[in-house]
$ cat work-v5.pdb   # PDB, C-alpha atoms
MODEL        1
ATOM      1  CA  MET Y   1     330.459 166.492 175.205
ATOM      2  CA  SER Y   2     331.806 163.556 177.128
ATOM      3  CA  THR Y   3     334.969 161.871 175.962
ATOM      4  CA  VAL Y   4     334.484 158.838 173.742
ATOM      5  CA  GLU Y   5     337.273 156.282 173.904
ATOM      6  CA  LEU Y   6     337.906 153.660 171.260
ATOM      7  CA  SER Y   7     340.600 151.029 170.988
ATOM      8  CA  PHE Y   8     341.128 148.492 168.240
ATOM      9  CA  SER Y   9     343.599 145.785 167.339
ATOM     10  CA  ALA Y  10     346.376 146.754 164.962
ATOM     11  CA  LEU Y  11     344.758 145.445 161.795
ATOM     12  CA  PRO Y  12     344.274 147.615 158.694
ATOM     13  CA  VAL Y  13     340.656 146.462 158.375
ATOM     14  CA  HIS Y  14     339.813 148.231 161.658
ATOM     15  CA  VAL Y  15     340.936 151.639 160.352
ATOM     16  CA  ARG Y  16     337.754 151.885 158.277
ATOM     17  CA  THR Y  17     335.611 151.190 161.339
ATOM     18  CA  ALA Y  18     337.487 153.853 163.324
ATOM     19  CA  ARG Y  19     336.903 156.388 160.512
ATOM     20  CA  LEU Y  20     333.175 155.633 160.472
ATOM     21  CA  ILE Y  21     332.843 156.000 164.247
ATOM     22  CA  VAL Y  22     334.852 159.226 164.348
ATOM     23  CA  THR Y  23     332.795 160.711 161.512
ATOM     24  CA  ALA Y  24     329.527 159.883 163.291
ATOM     25  CA  VAL Y  25     330.749 161.412 166.557
ATOM     26  CA  ALA Y  26     332.076 164.492 164.708
ATOM     27  CA  ARG Y  27     328.697 164.998 163.048
ATOM     28  CA  ARG Y  28     326.888 164.742 166.400
ATOM     29  CA  SER Y  29     329.434 167.127 167.919
ATOM     30  CA  GLY Y  30     328.534 169.870 165.464
ATOM     31  CA  VAL Y  31     331.314 169.611 162.882
ATOM     32  CA  ALA Y  32     330.023 171.075 159.601
ATOM     33  CA  GLU Y  33     329.217 168.591 156.834
ATOM     34  CA  PRO Y  34     331.907 169.950 154.450
ATOM     35  CA  LEU Y  35     334.593 169.234 157.092
ATOM     36  CA  LEU Y  36     333.548 165.628 157.736
ATOM     37  CA  ASP Y  37     335.556 164.294 154.789
ATOM     38  CA  GLU Y  38     338.642 166.054 156.153
ATOM     39  CA  VAL Y  39     338.037 164.540 159.601
ATOM     40  CA  ARG Y  40     337.572 161.076 158.080
ATOM     41  CA  LEU Y  41     340.736 161.302 155.953
ATOM     42  CA  ALA Y  42     342.966 162.761 158.685
ATOM     43  CA  VAL Y  43     341.856 160.173 161.238
ATOM     44  CA  GLY Y  44     342.358 157.412 158.657
ATOM     45  CA  GLU Y  45     345.932 158.574 158.042
ATOM     46  CA  ALA Y  46     346.720 158.785 161.767
ATOM     47  CA  CYS Y  47     345.197 155.363 162.463
ATOM     48  CA  SER Y  48     346.991 153.782 159.486
ATOM     49  CA  ARG Y  49     350.324 155.164 160.729
ATOM     50  CA  ALA Y  50     349.661 153.759 164.217
ATOM     51  CA  VAL Y  51     348.579 150.368 162.836
ATOM     52  CA  GLU Y  52     351.735 150.157 160.708
ATOM     53  CA  ALA Y  53     353.942 150.988 163.713
ATOM     54  CA  HIS Y  54     352.122 148.488 165.946
ATOM     55  CA  ARG Y  55     352.317 145.704 163.380
ATOM     56  CA  ARG Y  56     356.112 146.104 163.252
ATOM     57  CA  HIS Y  57     356.761 146.500 166.965
ATOM     58  CA  CYS Y  58     353.854 145.483 169.206
ATOM     59  CA  PRO Y  59     351.092 143.762 167.208
ATOM     60  CA  ASP Y  60     349.205 142.624 170.313
ATOM     61  CA  GLU Y  61     348.775 146.174 171.667
ATOM     62  CA  PRO Y  62     345.655 148.118 170.624
ATOM     63  CA  VAL Y  63     345.626 151.514 168.911
ATOM     64  CA  ARG Y  64     343.693 154.022 171.025
ATOM     65  CA  LEU Y  65     341.516 156.985 170.101
ATOM     66  CA  GLU Y  66     339.948 159.680 172.261
ATOM     67  CA  LEU Y  67     337.202 161.883 170.840
ATOM     68  CA  SER Y  68     336.012 164.962 172.685
ATOM     69  CA  GLY Y  69     334.384 168.286 172.157
ATOM     70  CA  ALA Y  70     334.722 171.472 174.185
ATOM     71  CA  ASP Y  71     334.702 175.201 173.469
ATOM     72  CA  ARG Y  72     333.219 174.622 170.020
ATOM     73  CA  ARG Y  73     336.077 172.296 168.990
ATOM     74  CA  PHE Y  74     336.022 168.610 168.070
ATOM     75  CA  GLU Y  75     339.257 166.881 169.018
ATOM     76  CA  VAL Y  76     340.635 163.452 168.124
ATOM     77  CA  THR Y  77     343.758 161.948 169.678
ATOM     78  CA  VAL Y  78     345.245 158.819 168.100
ATOM     79  CA  SER Y  79     347.784 157.084 170.354
ATOM     80  CA  ASP Y  80     350.152 154.228 169.681
ATOM     81  CA  THR Y  81     352.281 152.352 172.196
ATOM     82  CA  VAL Y  82     355.391 151.650 170.157
ATOM     83  CA  PRO Y  83     358.151 151.218 172.769
ATOM     84  CA  GLY Y  84     361.920 151.246 172.532
ATOM     85  CA  GLU Y  85     364.202 152.701 169.905
ATOM     86  CA  ASP Y  86     361.444 153.284 167.327
ATOM     87  CA  ALA Y  87     359.247 155.287 169.703
ATOM     88  CA  THR Y  88     358.707 157.796 166.918
ATOM     89  CA  GLY Y  89     356.759 155.172 164.988
ATOM     90  CA  GLY Y  90     358.319 156.363 161.765
ATOM     91  CA  LEU Y  91     358.056 160.089 162.520
ATOM     92  CA  PRO Y  92     360.872 162.241 161.180
ATOM     93  CA  THR Y  93     363.613 163.030 163.669
ATOM     94  CA  PRO Y  94     365.339 166.426 163.742
ATOM     95  CA  LEU Y  95     367.999 164.959 161.445
ATOM     96  CA  ASP Y  96     365.288 164.014 158.956
ATOM     97  CA  THR Y  97     363.570 167.412 158.993
ATOM     98  CA  GLU Y  98     365.009 168.631 155.688
ATOM     99  CA  GLU Y  99     364.144 165.375 153.956
ATOM    100  CA  PHE Y 100     360.630 165.528 155.444
ATOM    101  CA  GLU Y 101     360.066 169.098 154.246
ATOM    102  CA  TYR Y 102     361.061 168.207 150.713
ATOM    103  CA  GLY Y 103     359.249 164.883 150.599
ATOM    104  CA  LEU Y 104     362.428 162.818 150.449
ATOM    105  CA  GLY Y 105     361.876 160.847 153.670
ATOM    106  CA  GLU Y 106     361.503 157.089 153.496
ATOM    107  CA  GLY Y 107     358.216 155.315 154.124
ATOM    108  CA  THR Y 108     354.694 156.567 154.141
ATOM    109  CA  ALA Y 109     354.622 157.891 157.718
ATOM    110  CA  GLU Y 110     356.002 161.279 156.677
ATOM    111  CA  LEU Y 111     353.545 161.622 153.810
ATOM    112  CA  GLY Y 112     350.675 160.679 156.127
ATOM    113  CA  LEU Y 113     351.700 163.379 158.597
ATOM    114  CA  ALA Y 114     351.795 165.955 155.813
ATOM    115  CA  VAL Y 115     348.291 164.924 154.759
ATOM    116  CA  ILE Y 116     347.055 165.176 158.361
ATOM    117  CA  ALA Y 117     348.567 168.643 158.739
ATOM    118  CA  GLY Y 118     346.780 169.746 155.579
ATOM    119  CA  LEU Y 119     343.389 168.348 156.635
ATOM    120  CA  ALA Y 120     343.116 169.172 160.336
ATOM    121  CA  ASP Y 121     342.500 172.665 161.612
ATOM    122  CA  ASP Y 122     345.054 172.170 164.388
ATOM    123  CA  VAL Y 123     347.594 169.339 164.832
ATOM    124  CA  GLU Y 124     349.964 168.467 167.657
ATOM    125  CA  ILE Y 125     352.330 165.479 167.568
ATOM    126  CA  ALA Y 126     353.880 164.309 170.808
ATOM    127  CA  THR Y 127     356.527 161.605 171.007
ATOM    128  CA  THR Y 128     356.892 160.092 174.476
ATOM    129  CA  PRO Y 129     358.629 157.002 175.859
ATOM    130  CA  LYS Y 130     355.188 155.354 175.806
ATOM    131  CA  GLY Y 131     354.561 156.069 172.116
ATOM    132  CA  VAL Y 132     353.247 158.748 169.766
ATOM    133  CA  GLN Y 133     350.098 160.818 170.142
ATOM    134  CA  ILE Y 134     348.624 162.742 167.246
ATOM    135  CA  ARG Y 135     346.026 165.283 168.363
ATOM    136  CA  MET Y 136     343.850 166.867 165.690
ATOM    137  CA  SER Y 137     340.952 169.282 166.031
ATOM    138  CA  TRP Y 138     338.300 171.015 163.955
ATOM    139  CA  PRO Y 139     335.702 173.698 164.683
ATOM    140  CA  ALA Y 140     332.302 172.487 165.878
ATOM    141  CA  GLU Y 141     329.617 175.034 164.998
ATOM    142  CA  ALA Y 142     326.626 173.540 166.781
ATOM    143  CA  GLU Y 143     326.169 172.445 170.362
ATOM    144  CA  ALA Y 144     327.170 168.829 170.948
ATOM    145  CA  THR Y 145     324.349 166.316 171.255
ATOM    146  CA  ILE Y 146     326.412 163.604 172.932
TER     147      ILE Y 146
ENDMDL
END

$ encode --input "work-v5.pdb" --output "structure tokens"
Amino acid sequence: MSTVELSFSALPVHVRTARLIVTAVARRSGVAEPLLDEVRLAVGEACSRAVEAHRRHCPDEPVRLELSGADRRFEVTVSDTVPGEDATGGLPTPLDTEEFEYGLGEGTAELGLAVIAGLADDVEIATTPKGVQIRMSWPAEAEATI
């Protein structure tokens, strides 16, 4: 499958559209019907976290998604571009790890990450000077039709 790229302005209303597009691409990529709700929810959480971070720090910058399928996997990467001191976009730092594990962290970002980890088959979170990338993947049983 070719890579599908999507970007949208940091408005909560666009998260729903992103979920619908990702679900349609996941279906066409061979993700089993029972997993589509998990894909939709995980992507919604990741996009909502990115929108919240952008609205606080860089509201004019778009949230970006990359959708791809290879080796019988469907992968979604949600990227924000939150610069500066809050490059984690609300992600727990090593000092917050204990609070994160026990659900005591502030804000909804930590809860959203826990939900994503529970829904996606595989999750990687990378914090860079350019922002945060959340990569999620699920098995794709059938051959991709895109």

$ resolve_selection --input "work-v5.pdb" --expression "the PyMOL selection byres ((chain Y and resi 79) around 7)" --output "compact mmCIF listing (two decimals) with C-alpha atoms, keeping the file's coordinate frame"
# COMPACT_ATOMS: atom_id res chain seq x y z
CA VAL Y 63 345.63 151.51 168.91
CA ARG Y 64 343.69 154.02 171.02
CA LEU Y 65 341.52 156.99 170.10
CA THR Y 77 343.76 161.95 169.68
CA VAL Y 78 345.24 158.82 168.10
CA ASP Y 80 350.15 154.23 169.68
CA THR Y 81 352.28 152.35 172.20
CA VAL Y 132 353.25 158.75 169.77
CA GLN Y 133 350.10 160.82 170.14
CA ILE Y 134 348.62 162.74 167.25

$ resolve_selection --input "work-v5.pdb" --expression "the PyMOL selection byres ((chain Y and resi 117) around 12)" --output "ChimeraX atom specification"
/Y:38-39,41-43,45-46,110-116,118-125,134-138

$ write_last_selection --input "work-v5.pdb" --atoms "C-alpha atoms" --output "PDB file, in the coordinates of the input"
ATOM      1  CA  GLU Y  38     338.642 166.054 156.153  1.00  0.00           C
ATOM      2  CA  VAL Y  39     338.037 164.540 159.601  1.00  0.00           C
ATOM      3  CA  LEU Y  41     340.736 161.302 155.953  1.00  0.00           C
ATOM      4  CA  ALA Y  42     342.966 162.761 158.685  1.00  0.00           C
ATOM      5  CA  VAL Y  43     341.856 160.173 161.238  1.00  0.00           C
ATOM      6  CA  GLU Y  45     345.932 158.574 158.042  1.00  0.00           C
ATOM      7  CA  ALA Y  46     346.720 158.785 161.767  1.00  0.00           C
ATOM      8  CA  GLU Y 110     356.002 161.279 156.677  1.00  0.00           C
ATOM      9  CA  LEU Y 111     353.545 161.622 153.810  1.00  0.00           C
ATOM     10  CA  GLY Y 112     350.675 160.679 156.127  1.00  0.00           C
ATOM     11  CA  LEU Y 113     351.700 163.379 158.597  1.00  0.00           C
ATOM     12  CA  ALA Y 114     351.795 165.955 155.813  1.00  0.00           C
ATOM     13  CA  VAL Y 115     348.291 164.924 154.759  1.00  0.00           C
ATOM     14  CA  ILE Y 116     347.055 165.176 158.361  1.00  0.00           C
ATOM     15  CA  GLY Y 118     346.780 169.746 155.579  1.00  0.00           C
ATOM     16  CA  LEU Y 119     343.389 168.348 156.635  1.00  0.00           C
ATOM     17  CA  ALA Y 120     343.116 169.172 160.336  1.00  0.00           C
ATOM     18  CA  ASP Y 121     342.500 172.665 161.612  1.00  0.00           C
ATOM     19  CA  ASP Y 122     345.054 172.170 164.388  1.00  0.00           C
ATOM     20  CA  VAL Y 123     347.594 169.339 164.832  1.00  0.00           C
ATOM     21  CA  GLU Y 124     349.964 168.467 167.657  1.00  0.00           C
ATOM     22  CA  ILE Y 125     352.330 165.479 167.568  1.00  0.00           C
ATOM     23  CA  ILE Y 134     348.624 162.742 167.246  1.00  0.00           C
ATOM     24  CA  ARG Y 135     346.026 165.283 168.363  1.00  0.00           C
ATOM     25  CA  MET Y 136     343.850 166.867 165.690  1.00  0.00           C
ATOM     26  CA  SER Y 137     340.952 169.282 166.031  1.00  0.00           C
ATOM     27  CA  TRP Y 138     338.300 171.015 163.955  1.00  0.00           C
TER      28      TRP Y 138
END

$ residues_near_point --input "work-v5.pdb" --point "(329.3, 178.4, 163.4)" --cutoff "9 Å" --atoms "all atoms listed in the file" --output "list in words"
Gly30, Ala32, Arg72, Pro139, Ala140, Glu141 and Ala142 of chain Y

$ closest_residue --input "work-v5.pdb" --among "Y:Val82, Y:Asp71, Y:Val76, Y:Pro62" --to "Leu11 (chain Y)" --atoms "only C-alpha atoms"
Y:Pro62

$ atom_distance --input "work-v5.pdb" --atom1 "CA of Ser68 (chain Y)" --atom2 "CA of Val4 (chain Y)"
6.4 Å

$ atom_distance --input "work-v5.pdb" --atom1 "CA of Arg27 (chain Y)" --atom2 "CA of Leu67 (chain Y)"
11.9 Å

$ atom_distance --input "work-v5.pdb" --atom1 "CA of Cys47 (chain Y)" --atom2 "CA of Pro129 (chain Y)"
19.0 Å

$ axis_aligned_box --input "work-v5.pdb" --around "region 16-35 of chain Y" --padding-each-side "8 Å" --output "lines of an AutoDock Vina configuration file"
center_x = 332.3
center_y = 161.1
center_z = 161.2
size_x = 26.9
size_y = 35.9
size_z = 29.5

$ build_atoms --input "work-v5.pdb" --residues "region 110-143 of chain Y" --atoms "N, CA and C atoms" --output "PDB file, in the coordinates of the input"
ATOM      1  N   GLU Y 110     355.806 159.855 156.879  1.00  0.00           N
ATOM      2  CA  GLU Y 110     356.002 161.279 156.677  1.00  0.00           C
ATOM      3  C   GLU Y 110     354.923 161.864 155.770  1.00  0.00           C
ATOM      4  N   LEU Y 111     354.592 161.158 154.721  1.00  0.00           N
ATOM      5  CA  LEU Y 111     353.545 161.622 153.810  1.00  0.00           C
ATOM      6  C   LEU Y 111     352.208 161.691 154.534  1.00  0.00           C
ATOM      7  N   GLY Y 112     351.912 160.682 155.351  1.00  0.00           N
ATOM      8  CA  GLY Y 112     350.675 160.679 156.127  1.00  0.00           C
ATOM      9  C   GLY Y 112     350.586 161.866 157.058  1.00  0.00           C
ATOM     10  N   LEU Y 113     351.693 162.225 157.695  1.00  0.00           N
ATOM     11  CA  LEU Y 113     351.700 163.379 158.597  1.00  0.00           C
ATOM     12  C   LEU Y 113     351.478 164.679 157.833  1.00  0.00           C
ATOM     13  N   ALA Y 114     352.023 164.766 156.634  1.00  0.00           N
ATOM     14  CA  ALA Y 114     351.795 165.955 155.813  1.00  0.00           C
ATOM     15  C   ALA Y 114     350.324 166.060 155.423  1.00  0.00           C
ATOM     16  N   VAL Y 115     349.720 164.937 155.100  1.00  0.00           N
ATOM     17  CA  VAL Y 115     348.291 164.924 154.759  1.00  0.00           C
ATOM     18  C   VAL Y 115     347.466 165.356 155.967  1.00  0.00           C
ATOM     19  N   ILE Y 116     347.785 164.813 157.142  1.00  0.00           N
ATOM     20  CA  ILE Y 116     347.055 165.176 158.361  1.00  0.00           C
ATOM     21  C   ILE Y 116     347.159 166.675 158.616  1.00  0.00           C
ATOM     22  N   ALA Y 117     348.364 167.217 158.500  1.00  0.00           N
ATOM     23  CA  ALA Y 117     348.567 168.643 158.739  1.00  0.00           C
ATOM     24  C   ALA Y 117     347.752 169.495 157.764  1.00  0.00           C
ATOM     25  N   GLY Y 118     347.563 169.007 156.557  1.00  0.00           N
ATOM     26  CA  GLY Y 118     346.780 169.746 155.579  1.00  0.00           C
ATOM     27  C   GLY Y 118     345.277 169.636 155.787  1.00  0.00           C
ATOM     28  N   LEU Y 119     344.827 168.585 156.462  1.00  0.00           N
ATOM     29  CA  LEU Y 119     343.389 168.348 156.635  1.00  0.00           C
ATOM     30  C   LEU Y 119     342.829 168.860 157.956  1.00  0.00           C
ATOM     31  N   ALA Y 120     343.605 168.769 159.013  1.00  0.00           N
ATOM     32  CA  ALA Y 120     343.116 169.172 160.336  1.00  0.00           C
ATOM     33  C   ALA Y 120     343.321 170.667 160.537  1.00  0.00           C
ATOM     34  N   ASP Y 121     342.422 171.246 161.304  1.00  0.00           N
ATOM     35  CA  ASP Y 121     342.500 172.665 161.612  1.00  0.00           C
ATOM     36  C   ASP Y 121     343.689 172.950 162.524  1.00  0.00           C
ATOM     37  N   ASP Y 122     343.958 172.034 163.439  1.00  0.00           N
ATOM     38  CA  ASP Y 122     345.054 172.170 164.388  1.00  0.00           C
ATOM     39  C   ASP Y 122     345.626 170.777 164.636  1.00  0.00           C
ATOM     40  N   VAL Y 123     346.951 170.639 164.635  1.00  0.00           N
ATOM     41  CA  VAL Y 123     347.594 169.339 164.832  1.00  0.00           C
ATOM     42  C   VAL Y 123     348.743 169.487 165.820  1.00  0.00           C
ATOM     43  N   GLU Y 124     348.828 168.551 166.759  1.00  0.00           N
ATOM     44  CA  GLU Y 124     349.964 168.467 167.657  1.00  0.00           C
ATOM     45  C   GLU Y 124     350.435 167.022 167.667  1.00  0.00           C
ATOM     46  N   ILE Y 125     351.746 166.821 167.540  1.00  0.00           N
ATOM     47  CA  ILE Y 125     352.330 165.479 167.568  1.00  0.00           C
ATOM     48  C   ILE Y 125     353.284 165.420 168.743  1.00  0.00           C
ATOM     49  N   ALA Y 126     353.034 164.465 169.626  1.00  0.00           N
ATOM     50  CA  ALA Y 126     353.880 164.309 170.808  1.00  0.00           C
ATOM     51  C   ALA Y 126     354.500 162.915 170.801  1.00  0.00           C
ATOM     52  N   THR Y 127     355.815 162.869 170.911  1.00  0.00           N
ATOM     53  CA  THR Y 127     356.527 161.605 171.007  1.00  0.00           C
ATOM     54  C   THR Y 127     356.976 161.441 172.457  1.00  0.00           C
ATOM     55  N   THR Y 128     356.549 160.359 173.083  1.00  0.00           N
ATOM     56  CA  THR Y 128     356.892 160.092 174.476  1.00  0.00           C
ATOM     57  C   THR Y 128     357.524 158.701 174.568  1.00  0.00           C
ATOM     58  N   PRO Y 129     358.097 158.361 175.705  1.00  0.00           N
ATOM     59  CA  PRO Y 129     358.629 157.002 175.859  1.00  0.00           C
ATOM     60  C   PRO Y 129     357.545 155.930 175.723  1.00  0.00           C
ATOM     61  N   LYS Y 130     356.294 156.311 175.912  1.00  0.00           N
ATOM     62  CA  LYS Y 130     355.188 155.354 175.806  1.00  0.00           C
ATOM     63  C   LYS Y 130     354.631 155.253 174.395  1.00  0.00           C
ATOM     64  N   GLY Y 131     355.064 156.114 173.483  1.00  0.00           N
ATOM     65  CA  GLY Y 131     354.561 156.069 172.116  1.00  0.00           C
ATOM     66  C   GLY Y 131     354.320 157.449 171.540  1.00  0.00           C
ATOM     67  N   VAL Y 132     353.532 157.501 170.471  1.00  0.00           N
ATOM     68  CA  VAL Y 132     353.247 158.748 169.766  1.00  0.00           C
ATOM     69  C   VAL Y 132     351.767 159.064 169.895  1.00  0.00           C
ATOM     70  N   GLN Y 133     351.474 160.344 170.126  1.00  0.00           N
ATOM     71  CA  GLN Y 133     350.098 160.818 170.142  1.00  0.00           C
ATOM     72  C   GLN Y 133     349.954 161.895 169.077  1.00  0.00           C
ATOM     73  N   ILE Y 134     348.939 161.725 168.245  1.00  0.00           N
ATOM     74  CA  ILE Y 134     348.624 162.742 167.246  1.00  0.00           C
ATOM     75  C   ILE Y 134     347.266 163.320 167.637  1.00  0.00           C
ATOM     76  N   ARG Y 135     347.261 164.604 167.988  1.00  0.00           N
ATOM     77  CA  ARG Y 135     346.026 165.283 168.363  1.00  0.00           C
ATOM     78  C   ARG Y 135     345.613 166.213 167.233  1.00  0.00           C
ATOM     79  N   MET Y 136     344.385 166.063 166.787  1.00  0.00           N
ATOM     80  CA  MET Y 136     343.850 166.867 165.690  1.00  0.00           C
ATOM     81  C   MET Y 136     342.552 167.497 166.158  1.00  0.00           C
ATOM     82  N   SER Y 137     342.232 168.694 165.668  1.00  0.00           N
ATOM     83  CA  SER Y 137     340.952 169.282 166.031  1.00  0.00           C
ATOM     84  C   SER Y 137     340.382 170.099 164.880  1.00  0.00           C
ATOM     85  N   TRP Y 138     339.065 170.272 164.945  1.00  0.00           N
ATOM     86  CA  TRP Y 138     338.300 171.015 163.955  1.00  0.00           C
ATOM     87  C   TRP Y 138     337.253 171.840 164.678  1.00  0.00           C
ATOM     88  N   PRO Y 139     336.769 172.917 164.045  1.00  0.00           N
ATOM     89  CA  PRO Y 139     335.702 173.698 164.683  1.00  0.00           C
ATOM     90  C   PRO Y 139     334.379 172.911 164.682  1.00  0.00           C
ATOM     91  N   ALA Y 140     333.634 173.093 165.756  1.00  0.00           N
ATOM     92  CA  ALA Y 140     332.302 172.487 165.878  1.00  0.00           C
ATOM     93  C   ALA Y 140     331.323 173.643 166.029  1.00  0.00           C
ATOM     94  N   GLU Y 141     330.502 173.864 165.020  1.00  0.00           N
ATOM     95  CA  GLU Y 141     329.617 175.034 164.998  1.00  0.00           C
ATOM     96  C   GLU Y 141     328.431 174.900 165.941  1.00  0.00           C
ATOM     97  N   ALA Y 142     327.837 173.732 165.990  1.00  0.00           N
ATOM     98  CA  ALA Y 142     326.626 173.540 166.781  1.00  0.00           C
ATOM     99  C   ALA Y 142     326.966 172.970 168.140  1.00  0.00           C
ATOM    100  N   GLU Y 143     325.995 173.035 169.043  1.00  0.00           N
ATOM    101  CA  GLU Y 143     326.169 172.445 170.362  1.00  0.00           C
ATOM    102  C   GLU Y 143     326.213 170.920 170.220  1.00  0.00           C
TER     103      GLU Y 143
END
